[in-house]
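Visitor: Below is the file coords.txt, with compact mmCIF, C-alpha atoms and all ligand atoms.
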# COMPACT_ATOMS: atom_id res chain seq x y z
CA ALA A 1 9.87 22.07 5.89
CA VAL A 2 11.49 18.82 4.81
CA TYR A 3 8.85 16.34 3.66
CA LEU A 4 9.02 13.20 5.81
CA ASP A 5 5.53 11.85 5.13
CA CYS A 6 6.29 9.57 2.16
CA ASN A 7 3.95 6.83 3.38
CA ALA A 8 1.05 9.24 2.95
CA THR A 9 2.22 10.01 -0.56
CA THR A 10 5.57 10.35 -2.30
CA PRO A 11 6.87 13.25 -4.36
CA MET A 12 6.81 12.54 -8.10
CA GLU A 13 9.98 11.55 -9.89
CA PRO A 14 10.79 14.33 -12.39
CA LYS A 15 10.95 11.80 -15.24
CA VAL A 16 7.52 10.44 -14.30
CA ALA A 17 6.09 13.95 -14.16
CA ALA A 18 7.44 14.55 -17.68
CA VAL A 19 5.68 11.41 -18.94
CA VAL A 20 2.39 12.44 -17.29
CA ARG A 21 2.65 15.93 -18.80
CA ARG A 22 3.33 14.54 -22.25
CA TYR A 23 0.23 12.36 -22.23
CA MET A 24 -1.90 15.16 -20.83
CA GLU A 25 -0.83 17.58 -23.50
CA GLU A 26 -0.09 15.52 -26.59
CA GLU A 27 -1.63 12.06 -26.64
CA TYR A 28 -5.14 13.05 -25.73
CA GLY A 29 -6.95 10.31 -27.61
CA ASN A 30 -9.22 7.78 -25.95
CA ALA A 31 -7.52 4.40 -25.64
CA ALA A 32 -10.81 2.78 -26.64
CA SER A 33 -11.00 4.65 -29.97
CA ALA A 34 -9.97 1.90 -32.30
CA PHE A 35 -9.87 3.55 -35.69
CA HIS A 36 -7.57 6.55 -35.59
CA GLN A 37 -4.07 7.43 -34.60
CA TYR A 38 -5.14 9.39 -31.51
CA GLY A 39 -6.76 6.34 -30.01
CA GLU A 40 -3.84 4.23 -31.12
CA GLY A 41 -1.33 6.54 -29.35
CA ALA A 42 -3.28 6.39 -26.11
CA ARG A 43 -3.73 2.65 -26.35
CA MET A 44 -0.02 2.12 -26.87
CA ALA A 45 0.76 4.20 -23.80
CA VAL A 46 -1.66 2.16 -21.71
CA GLU A 47 -0.31 -1.15 -23.01
CA THR A 48 3.29 -0.12 -22.38
CA ALA A 49 2.36 0.77 -18.81
CA ARG A 50 0.53 -2.53 -18.40
CA GLY A 51 3.71 -4.38 -19.31
CA GLN A 52 5.77 -2.22 -16.94
CA VAL A 53 3.49 -2.93 -13.97
CA ALA A 54 3.27 -6.64 -14.81
CA ARG A 55 7.05 -7.02 -15.12
CA LEU A 56 7.61 -5.86 -11.55
CA LEU A 57 5.32 -8.60 -10.25
CA LYS A 58 6.31 -11.33 -12.70
CA ALA A 59 2.70 -11.27 -13.85
CA HIS A 60 1.24 -11.33 -17.36
CA ARG A 61 0.16 -8.05 -18.87
CA ASP A 62 -3.43 -9.22 -19.27
CA GLU A 63 -3.57 -9.82 -15.52
CA VAL A 64 -3.35 -6.07 -14.81
CA ILE A 65 -6.62 -4.18 -14.23
CA PHE A 66 -6.04 -0.44 -13.95
CA THR A 67 -8.03 1.34 -11.24
CA SER A 68 -8.15 4.73 -9.55
CA GLY A 69 -5.78 3.57 -6.83
CA ALA A 70 -5.21 0.92 -4.22
CA THR A 71 -8.49 1.78 -2.50
CA GLU A 72 -10.46 0.81 -5.58
CA ALA A 73 -8.23 -2.20 -6.20
CA ASN A 74 -8.91 -3.43 -2.65
CA ASN A 75 -12.65 -2.87 -3.06
CA LEU A 76 -12.65 -4.73 -6.37
CA ALA A 77 -10.64 -7.62 -4.95
CA LEU A 78 -12.93 -8.05 -1.95
CA LEU A 79 -16.40 -6.99 -3.06
CA GLY A 80 -15.80 -8.36 -6.56
CA HIS A 81 -14.96 -11.71 -5.11
CA ALA A 82 -18.05 -11.97 -2.90
CA TYR A 83 -20.18 -13.62 -5.49
CA VAL A 84 -17.65 -16.40 -5.94
CA GLY A 85 -18.37 -17.18 -2.31
CA GLU A 86 -22.06 -17.21 -3.01
CA LEU A 87 -21.52 -19.59 -5.93
CA ARG A 88 -19.40 -21.95 -3.90
CA GLY A 89 -21.26 -21.62 -0.63
CA LYS A 90 -18.16 -20.25 1.11
CA ARG A 91 -18.67 -17.30 3.37
CA HIS A 92 -15.60 -17.14 5.59
CA ILE A 93 -12.92 -14.48 5.08
CA ILE A 94 -9.67 -13.98 6.99
CA THR A 95 -7.92 -10.64 7.38
CA THR A 96 -5.76 -8.90 9.99
CA ALA A 97 -6.25 -6.25 12.65
CA ILE A 98 -3.76 -3.87 11.01
CA GLU A 99 -5.22 -3.45 7.53
CA HIS A 100 -5.85 -0.15 5.79
CA PRO A 101 -9.45 1.22 5.97
CA SER A 102 -9.85 0.38 2.26
CA VAL A 103 -9.73 -3.30 3.26
CA ILE A 104 -11.45 -3.05 6.64
CA GLU A 105 -14.47 -1.11 5.40
CA PRO A 106 -15.45 -3.27 2.39
CA LEU A 107 -15.09 -6.34 4.63
CA GLN A 108 -17.39 -4.74 7.18
CA GLN A 109 -19.94 -4.23 4.41
CA MET A 110 -19.57 -7.88 3.45
CA ALA A 111 -20.07 -8.90 7.08
CA LYS A 112 -23.44 -7.13 6.94
CA ASN A 113 -24.27 -9.29 3.92
CA GLY A 114 -23.68 -12.58 5.65
CA PHE A 115 -19.93 -13.10 5.37
CA GLU A 116 -18.08 -14.13 8.47
CA ILE A 117 -14.79 -12.30 8.98
CA THR A 118 -11.96 -13.61 11.16
CA VAL A 119 -9.53 -10.85 12.14
CA LEU A 120 -6.02 -12.08 12.93
CA LEU A 121 -4.30 -10.25 15.75
CA CYS A 122 -0.72 -9.10 15.41
CA THR A 123 2.33 -9.53 17.58
CA ALA A 124 3.85 -6.71 19.65
CA GLY A 125 6.34 -6.38 16.79
CA GLY A 126 3.58 -5.36 14.37
CA TRP A 127 3.48 -8.51 12.24
CA VAL A 128 0.92 -11.23 11.91
CA ASP A 129 2.03 -14.77 12.69
CA PRO A 130 1.46 -17.21 9.79
CA ASP A 131 0.55 -19.83 12.40
CA ALA A 132 -2.42 -17.67 13.35
CA LEU A 133 -3.51 -17.89 9.72
CA ARG A 134 -3.05 -21.66 9.76
CA ARG A 135 -5.27 -21.95 12.83
CA ALA A 136 -7.95 -19.69 11.39
CA LEU A 137 -8.32 -21.51 8.06
CA ARG A 138 -11.52 -23.48 7.57
CA ALA A 139 -12.95 -25.60 4.82
CA ASP A 140 -15.32 -22.75 3.94
CA THR A 141 -12.63 -20.04 3.88
CA LEU A 142 -13.16 -18.14 0.64
CA LEU A 143 -10.54 -15.43 0.83
CA VAL A 144 -7.51 -14.29 2.81
CA SER A 145 -6.53 -10.61 2.65
CA VAL A 146 -3.26 -9.42 4.20
CA MET A 147 -1.24 -6.28 3.55
CA GLN A 148 2.37 -6.59 2.44
CA VAL A 149 3.82 -3.64 4.40
CA ASN A 150 1.95 -1.75 7.07
CA ASN A 151 1.50 1.93 6.27
CA GLU A 152 1.77 3.16 9.85
CA THR A 153 4.75 1.14 11.06
CA GLY A 154 6.60 0.09 7.90
CA ILE A 155 6.60 -3.50 9.17
CA ARG A 156 6.66 -6.19 6.47
CA GLN A 157 4.16 -8.98 6.88
CA PRO A 158 5.37 -12.55 6.32
CA ILE A 159 3.60 -12.89 2.98
CA GLU A 160 5.72 -15.76 1.67
CA SER A 161 5.19 -17.85 4.81
CA MET A 162 1.47 -17.15 4.59
CA ALA A 163 1.50 -18.21 0.94
CA ALA A 164 3.15 -21.45 2.08
CA VAL A 165 0.42 -21.95 4.69
CA LEU A 166 -2.13 -21.54 1.89
CA ALA A 167 -0.31 -23.88 -0.49
CA ASP A 168 -2.88 -26.66 -0.20
CA HIS A 169 -5.92 -24.56 0.57
CA PRO A 170 -8.25 -23.32 -2.17
CA ALA A 171 -8.87 -19.89 -0.56
CA SER A 172 -7.99 -16.89 -2.73
CA PHE A 173 -5.10 -14.84 -1.41
CA HIS A 174 -5.24 -11.05 -1.77
CA VAL A 175 -2.32 -8.81 -0.84
CA ASP A 176 -2.66 -5.04 -0.43
CA ALA A 177 0.78 -4.02 -1.67
CA ALA A 178 0.22 -0.24 -1.70
CA GLN A 179 3.23 0.31 0.56
CA GLY A 180 5.58 -2.29 -0.89
CA PHE A 181 5.04 -2.43 -4.64
CA GLY A 182 8.12 -1.01 -6.36
CA LYS A 183 10.10 -1.24 -3.15
CA GLU A 184 9.87 -4.80 -1.85
CA GLN A 185 9.49 -7.01 -4.87
CA ARG A 186 10.33 -10.53 -3.92
CA SER A 187 7.42 -11.50 -1.72
CA LEU A 188 4.94 -10.17 -4.30
CA GLN A 189 6.28 -12.51 -6.96
CA HIS A 190 5.13 -15.55 -5.01
CA PRO A 191 2.90 -17.53 -7.39
CA ARG A 192 0.41 -18.44 -4.64
CA ILE A 193 -0.79 -14.83 -4.40
CA ASP A 194 -3.96 -14.43 -6.46
CA MET A 195 -4.61 -10.69 -6.28
CA ILE A 196 -2.32 -7.73 -5.62
CA SER A 197 -3.39 -4.10 -5.10
CA VAL A 198 -0.93 -1.38 -6.06
CA SER A 199 -0.96 2.41 -6.12
CA GLY A 200 0.86 5.02 -8.23
CA HIS A 201 1.39 7.72 -5.63
CA LYS A 202 3.44 5.62 -3.23
CA ILE A 203 6.10 4.92 -5.86
CA TYR A 204 6.85 8.46 -7.06
CA GLY A 205 4.03 8.35 -9.60
CA PRO A 206 0.73 10.24 -9.86
CA LYS A 207 -2.22 10.08 -7.45
CA GLY A 208 -5.54 8.67 -8.61
CA VAL A 209 -4.18 5.60 -10.36
CA GLY A 210 -3.38 2.06 -9.32
CA ALA A 211 -4.07 -1.49 -10.35
CA LEU A 212 -5.42 -4.80 -9.23
CA VAL A 213 -3.26 -7.61 -10.56
CA VAL A 214 -5.18 -10.87 -10.76
CA ARG A 215 -3.19 -14.00 -11.46
CA LYS A 216 -5.11 -16.08 -13.93
CA GLN A 217 -3.57 -19.39 -13.06
CA GLN A 218 -5.61 -19.19 -9.87
CA GLN A 219 -9.33 -19.77 -9.93
CA CYS A 220 -10.63 -16.33 -9.15
CA PHE A 221 -10.41 -14.69 -12.59
CA PRO A 222 -12.65 -14.10 -14.46
CA ALA A 223 -14.80 -15.19 -11.54
CA LEU A 224 -14.11 -11.74 -10.15
CA ARG A 225 -17.17 -9.59 -10.74
CA PRO A 226 -16.88 -5.87 -11.53
CA ILE A 227 -18.05 -3.35 -8.95
CA MET A 228 -18.84 -0.70 -11.57
CA TYR A 229 -20.71 -1.15 -14.81
CA GLY A 230 -20.45 0.78 -18.06
CA GLY A 231 -17.95 0.38 -20.86
CA SER A 232 -16.06 -2.82 -21.48
CA GLN A 233 -12.63 -1.45 -20.58
CA GLU A 234 -10.14 -3.62 -18.70
CA GLN A 235 -11.73 -6.85 -19.88
CA GLY A 236 -15.05 -5.71 -18.45
CA MET A 237 -13.59 -5.63 -14.94
CA ARG A 238 -13.38 -1.86 -14.62
CA ALA A 239 -15.65 0.36 -16.68
CA GLY A 240 -14.60 3.92 -17.47
CA THR A 241 -12.32 5.79 -19.89
CA LEU A 242 -8.74 5.05 -18.99
CA PRO A 243 -6.75 8.02 -17.65
CA THR A 244 -3.91 7.65 -20.15
CA ALA A 245 -1.57 10.18 -18.52
CA LEU A 246 -1.93 8.71 -15.03
CA ILE A 247 -1.52 5.17 -16.28
CA ALA A 248 1.55 6.11 -18.32
CA GLY A 249 2.90 7.75 -15.15
CA LEU A 250 2.27 4.62 -13.09
CA GLY A 251 4.03 2.52 -15.73
CA SER A 252 7.00 4.84 -15.89
CA ALA A 253 7.23 4.87 -12.07
CA ALA A 254 7.12 1.06 -12.01
CA ALA A 255 9.86 0.80 -14.64
CA GLN A 256 12.08 3.20 -12.71
CA ALA A 257 11.40 1.37 -9.46
CA ARG A 258 12.54 -1.85 -11.06
CA ARG A 259 15.73 -0.28 -12.35
CA ASP A 260 16.66 1.81 -9.30
CA GLN A 261 15.39 -0.36 -6.47
CA ALA A 262 18.78 -1.32 -5.01
CA GLU A 263 20.13 2.20 -5.19
CA ARG A 264 17.03 3.70 -3.60
CA GLU A 265 17.08 1.14 -0.84
CA GLU A 266 20.69 1.93 -0.01
CA SER A 267 19.99 5.64 0.11
CA CYS A 268 16.97 5.07 2.38
CA ARG A 269 19.01 2.88 4.70
CA ASN A 270 21.60 5.66 5.10
CA TYR A 271 18.85 8.16 5.74
CA ARG A 272 17.39 5.93 8.42
CA ASN A 273 20.71 5.76 10.26
CA LYS A 274 21.04 9.55 10.23
CA LEU A 275 17.49 9.96 11.47
CA LEU A 276 18.01 7.54 14.33
CA ASP A 277 21.30 9.25 15.27
CA GLY A 278 19.58 12.62 15.07
CA LEU A 279 16.71 11.63 17.34
CA ALA A 280 18.84 9.62 19.79
CA PRO A 281 18.98 12.43 22.42
CA LEU A 282 15.21 12.02 22.89
CA ASP A 283 15.51 8.28 23.69
CA PRO A 284 13.07 7.12 21.02
CA ILE A 285 11.33 3.78 21.42
CA ILE A 286 10.82 2.13 18.05
CA ASN A 287 7.35 0.71 17.49
CA GLY A 288 7.60 -2.57 15.62
CA ASP A 289 10.15 -5.30 15.09
CA THR A 290 13.12 -3.58 13.42
CA THR A 291 14.27 -6.82 11.80
CA ARG A 292 11.09 -6.67 9.73
CA SER A 293 10.91 -2.99 8.91
CA VAL A 294 11.33 -1.38 5.51
CA PRO A 295 14.31 0.98 5.12
CA HIS A 296 12.21 4.02 4.25
CA ALA A 297 9.86 4.41 7.21
CA ILE A 298 9.80 4.14 10.97
CA ASN A 299 7.28 4.58 13.73
CA LEU A 300 8.67 5.65 17.07
CA SER A 301 7.51 7.06 20.38
CA LEU A 302 9.32 9.97 21.99
CA PRO A 303 8.66 9.59 25.71
CA GLY A 304 6.93 12.54 27.32
CA ILE A 305 6.16 14.32 24.02
CA SER A 306 2.59 14.26 22.71
CA ASN A 307 2.53 13.42 19.00
CA VAL A 308 -0.18 15.99 18.29
CA ASP A 309 1.98 18.72 19.84
CA ALA A 310 5.10 17.45 18.06
CA VAL A 311 3.55 17.40 14.60
CA LYS A 312 2.28 20.97 15.06
CA ALA A 313 5.47 22.35 16.59
CA LEU A 314 7.60 20.82 13.84
CA LYS A 315 5.45 21.88 10.94
CA ASP A 316 7.89 24.49 9.61
CA THR A 317 10.86 22.15 10.03
CA VAL A 318 9.71 18.65 9.07
CA ALA A 319 6.36 17.48 7.71
CA ILE A 320 5.53 14.29 9.59
CA SER A 321 2.49 12.42 10.77
CA GLY A 322 1.26 11.00 14.03
CA GLY A 323 -0.42 8.17 12.19
CA SER A 324 -1.72 7.50 8.72
CA ALA A 325 -2.91 10.39 6.57
CA CYS A 326 -6.25 8.65 6.12
CA THR A 327 -6.92 8.86 9.84
CA ALA A 328 -4.75 11.87 10.73
CA HIS A 329 -7.81 13.99 11.48
CA ALA A 330 -9.31 11.41 13.78
CA VAL A 331 -8.69 11.72 17.47
CA GLU A 332 -8.90 8.00 18.16
CA PRO A 333 -5.59 6.23 18.73
CA SER A 334 -4.19 4.24 15.83
CA HIS A 335 -5.87 0.83 15.40
CA VAL A 336 -2.52 -0.56 14.29
CA LEU A 337 -0.59 0.48 17.40
CA LEU A 338 -3.53 -0.67 19.56
CA ALA A 339 -3.42 -4.06 17.86
CA MET A 340 0.27 -4.27 18.77
CA GLY A 341 -0.78 -3.89 22.39
CA LEU A 342 1.08 -0.61 22.98
CA SER A 343 0.00 1.50 25.96
CA GLN A 344 -2.14 4.61 25.42
CA GLU A 345 0.82 6.64 26.68
CA ARG A 346 3.17 5.19 24.08
CA ILE A 347 0.60 5.56 21.30
CA GLY A 348 0.06 9.20 22.26
CA CYS A 349 3.77 9.82 21.69
CA ALA A 350 4.06 7.88 18.42
CA LEU A 351 5.31 9.57 15.29
CA ARG A 352 5.68 8.21 11.78
CA PHE A 353 8.66 9.30 9.72
CA ALA A 354 8.84 8.20 6.08
CA TRP A 355 11.41 9.34 3.54
CA CYS A 356 12.70 8.42 0.09
CA HIS A 357 15.76 8.62 -2.14
CA MET A 358 14.94 12.25 -2.95
CA THR A 359 14.52 13.47 0.64
CA PRO A 360 16.95 16.27 1.54
CA PRO A 361 18.86 16.19 4.84
CA VAL A 362 17.24 17.48 8.03
CA ASP A 363 18.90 19.66 10.66
CA TRP A 364 18.21 17.31 13.55
CA HIS A 365 19.58 19.79 16.12
CA THR A 366 16.71 22.15 15.31
CA VAL A 367 14.23 19.26 15.60
CA ILE A 368 15.64 18.26 18.97
CA ASP A 369 15.53 21.85 20.29
CA ILE A 370 11.87 22.18 19.32
CA LEU A 371 10.88 18.80 20.74
CA LYS A 372 12.75 19.18 24.03
CA LYS A 373 10.60 22.21 24.85
CA LEU A 374 7.48 20.05 24.54
CA ARG A 375 8.56 17.45 27.03
CA HIS A 376 6.41 17.11 30.09
N1 LIG B 401 -3.52 0.42 1.31
C1 LIG B 401 -2.50 0.91 2.01
C2 LIG B 401 -1.68 0.00 2.88
C3 LIG B 401 -2.18 2.27 1.92
O1 LIG B 401 -1.17 2.76 2.63
C4 LIG B 401 -2.96 3.09 1.08
C5 LIG B 401 -2.66 4.58 0.95
N2 LIG B 401 -2.71 5.27 2.18
C6 LIG B 401 -4.02 2.53 0.38
C7 LIG B 401 -4.27 1.19 0.52
C8 LIG B 401 -4.90 3.34 -0.52
O2 LIG B 401 -4.24 3.69 -1.69
P1 LIG B 401 -4.80 4.82 -2.66
O3 LIG B 401 -4.43 6.12 -2.01
O4 LIG B 401 -4.08 4.58 -3.95
O5 LIG B 401 -6.26 4.62 -2.80
Once you've parsed the file, please lay out its structure as structure tokens.
Guide:
Amino acid sequence: AVYLDCNATTPMEPKVAAVVRRYMEEEYGNAASAFHQYGEGARMAVETARGQVARLLKAHRDEVIFTSGATEANNLALLGHAYVGELRGKRHIITTAIEHPSVIEPLQQMAKNGFEITVLLCTAGGWVDPDALRRALRADTLLVSVMQVNNETGIRQPIESMAAVLADHPASFHVDAAQGFGKEQRSLQHPRIDMISVSGHKIYGPKGVGALVVRKQQQCFPALRPIMYGGSQEQGMRAGTLPTALIAGLGSAAAQARRDQAEREESCRNYRNKLLDGLAPLDPIINGDTTRSVPHAINLSLPGISNVDAVKALKDTVAISGGSACTAHAVEPSHVLLAMGLSQERIGCALRFAWCHMTPPVDWHTVIDILKKLRH
């Protein structure tokens, strides 16, 4: 089957895989071992990667905290920031209805501990209106957390306009950039963003590695408190021996993303056109405002065809998803599509296709033949 589930995870770039392999097999020192060449080799790999991640965000290398992925980065950004609120007597947090569970869940924990969470609704087009943020801001707003690109719809959120809304407000601004880092650079370089979560396995790098980038010119660092204690790695913000090979892989993936971004985007755009042509006989309804969607993913409903049936029937032809991988086993309808106000019927027919510059062509005639048989 052709893999069309790149929002769940991407295949690894061969060059990145070679870097990961090299550091698994050869440079096996501990980056914290200061006095021998093995430690030195590992440390150099980590520091090179730190620079590569920072460069993509126009951040400083010492603003990069390596983590086990975007989930941990989100948890660190939110839970690690809670005590700043306690210090300042600010307990109001703003987020959106379409966030990833790794933002929603830590915020729900914080709500149990006395924080008040305002959840911004989204438009039918799948984006959150910056005016809604403006209206929700209060004097005691501690933190605003908004994703850059939604993982289920591929819709970009107006991060720069939100940063402008926050220009004169002291709230910290966190952006979950798991789906846009390495692909949609510009909005992440906005200096008003305080914290950015990124992940390796969405940019053709390894799974199990990511970073929280904390801009020091803003107030929240080192006011951020660690959520794990142990060694003093990552400036005390994230204890634990650094996974050199994974970090080197993330760095290599970031460097390639920076170099090849335009080319990849062009190839994804062409793929998107072919996909839409291919599916046209089924009269797809696109979910989300297409003027705001990334070129490498789309969410669409095929009228009369249940998404659960479609995913199963297509499994030997194309590997796709009816929602996000994190919730694919759940029977509940997608919270993102619900927030967009789509009908149950349309949500039940919604499929997510996500591809990349390495995705081979699909025989859309076969796909159409299979899907037509499912129509009720
Ligand atoms: N945020 C978003 C928007 C995501 O799509 C994902 C991955 N599904 C994550 C966070 C979590 O990233 P990771 O798998 O690196 O923990």
Visitor: Compare A:Ile227, A:Ala245, A:Leu351, A:Ala310 by their minimum atom-to-atom distance to Pro284 in chain A, counting only C-alpha atoms, and give me the closest one.
Guide: A:Leu351
Visitor: Applying 10 Å and all atoms listed in the file, which residues near Ile94 in chain A remain after dropping the ones on its own chain fewer than 3 positions away? List them as a list in words.
Guide: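 Surrounding residues, per the criterion: Leu107, Glu116, Ile117, Thr118, Val119, Leu120, Leu133, Ala136, Leu137, Arg138, Thr141, Leu142, Leu143, Val144, Ser145, Val146, Ala171 and Phe173 of chain A.
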Visitor: Just to be explicit: take each residue in the selection above, keep C-alpha atoms, and write the result as an mmCIF file, in the frame of the given file.
Guide:
data_model
loop_
_atom_site.group_PDB
_atom_site.id
_atom_site.type_symbol
_atom_site.label_atom_id
_atom_site.label_comp_id
_atom_site.auth_asym_id
_atom_site.auth_seq_id
_atom_site.Cartn_x
_atom_site.Cartn_y
_atom_site.Cartn_z
ATOM 1 C CA LEU A 107 -15.090 -6.340 4.630
ATOM 2 C CA GLU A 116 -18.080 -14.130 8.470
ATOM 3 C CA ILE A 117 -14.790 -12.300 8.980
ATOM 4 C CA THR A 118 -11.960 -13.610 11.160
ATOM 5 C CA VAL A 119 -9.530 -10.850 12.140
ATOM 6 C CA LEU A 120 -6.020 -12.080 12.930
ATOM 7 C CA LEU A 133 -3.510 -17.890 9.720
ATOM 8 C CA ALA A 136 -7.950 -19.690 11.390
ATOM 9 C CA LEU A 137 -8.320 -21.510 8.060
ATOM 10 C CA ARG A 138 -11.520 -23.480 7.570
ATOM 11 C CA THR A 141 -12.630 -20.040 3.880
ATOM 12 C CA LEU A 142 -13.160 -18.140 0.640
ATOM 13 C CA LEU A 143 -10.540 -15.430 0.830
ATOM 14 C CA VAL A 144 -7.510 -14.290 2.810
ATOM 15 C CA SER A 145 -6.530 -10.610 2.650
ATOM 16 C CA VAL A 146 -3.260 -9.420 4.200
ATOM 17 C CA ALA A 171 -8.870 -19.890 -0.560
ATOM 18 C CA PHE A 173 -5.100 -14.840 -1.410
#
Visitor: How big is the axis-aligned box, and where does its centre sit, when it encloses all atoms of ligand LIG 401 (chain B) listed in the file and has 6 Å added on every side, reported in Å to one decimal as JSON?
Guide:
{"center_x": -3.7, "center_y": 3.1, "center_z": -0.5, "size_x": 17.1, "size_y": 18.1, "size_z": 18.8}
Visitor: Which residues, written as a short mmCIF file (atom, residue, chain, number, x, y, z; two decimals) with C-alpha atoms, in the coordinates of the input, have at least one atom at most 6 Å from range 355-361 of chain A, with only C-alpha atoms counted and residues fewer than 5 positions away on the same chain left out?
Guide:
data_model
loop_
_atom_site.label_atom_id
_atom_site.label_comp_id
_atom_site.auth_asym_id
_atom_site.auth_seq_id
_atom_site.Cartn_x
_atom_site.Cartn_y
_atom_site.Cartn_z
CA LEU A 4 9.02 13.20 5.81
CA CYS A 6 6.29 9.57 2.16
CA ARG A 264 17.03 3.70 -3.60
CA SER A 267 19.99 5.64 0.11
CA CYS A 268 16.97 5.07 2.38
CA HIS A 296 12.21 4.02 4.25
#
Visitor: Do a neighbour search on Val19 in chain A at 7 Å with only C-alpha atoms, toss out local chain neighbours closer than 4 positions, and write the hits as a ChimeraX atom specification.
Guide: /A:15,23,248-249
Visitor: For ligand LIG 401 (chain B), list the contacting residues at 8 Å or closer, counting all atoms listed in the file, as a PyMOL selection string.
Guide: chain A and resi 7-9+68-74+99-103+147-152+176-179+197-202+207-210+324-326
Visitor: So how many Å separate CA of Ala253 in chain A and CA of Tyr204 in chain A, to one decimal?
Guide: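 Going from CA of Ala253 in chain A over to CA of Tyr204 in chain A, I get 6.2 Å.
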Visitor: Give me the residues near Pro333 in chain A as a ChimeraX atom specification, where near means some atom within 8 Å (using all atoms listed in the file) and where sequence neighbours in that chain fewer than 6 positions away do not count.
Guide: /A:344,347-348
Visitor: Kindly indicate which residue among A:Asp168, A:Thr153, A:Ile370, A:Val308 lies nearest to Pro295 in chain A, using all atoms listed in the file for the distances.
Guide: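 Once distances to Pro295 in chain A are computed over all atoms listed in the file, the minimum belongs to A:Thr153.
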Visitor: What gap, in Å, lies between CA of His174 in chain A and CA of Val214 in chain A?
Guide: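 A separation of 9.0 Å between them.
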Visitor: Report, in Å to a single decimal, how far apart CA of Ala82 in chain A and CA of Ala339 in chain A are.
Guide: 26.6 Å
Visitor: Looking at only C-alpha atoms, which of A:Met110, A:Ala124, A:Ile196, A:Ile104 is the one that sits closest to Asn287 in chain A?
Guide: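 Counting only C-alpha atoms, the residue closest to Asn287 in chain A is A:Ala124.
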Visitor: Nearest to Ile93 in chain A: which of A:Ala17, A:Ser172, A:Phe181, A:Ile368 is it, counting all atoms listed in the file?
Guide: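 For Ile93 in chain A, the nearest of the candidates is A:Ser172.
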Visitor: For Thr366 in chain A, find every residue with an atom within 12 Å (counting only C-alpha atoms), except residues of its own chain fewer than 6 positions away, and show them as number ranges by chain.
Guide: A: 1, 278-279, 313-314, 316-318, 372-373
Visitor: Measuring between all atoms listed in the file, which one of A:Ala139, A:Ala45, A:Ile155, A:Val336 shows the shortest distance to His169 in chain A?
Guide: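 So, comparing all the options, the nearest one is A:Ala139.
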Visitor: Find the residue from A:Thr123, A:Gln261, A:Gln235, A:Gln108 that sits nearest to Asp289 in chain A; use all atoms listed in the file when measuring.
Guide: A:Thr123
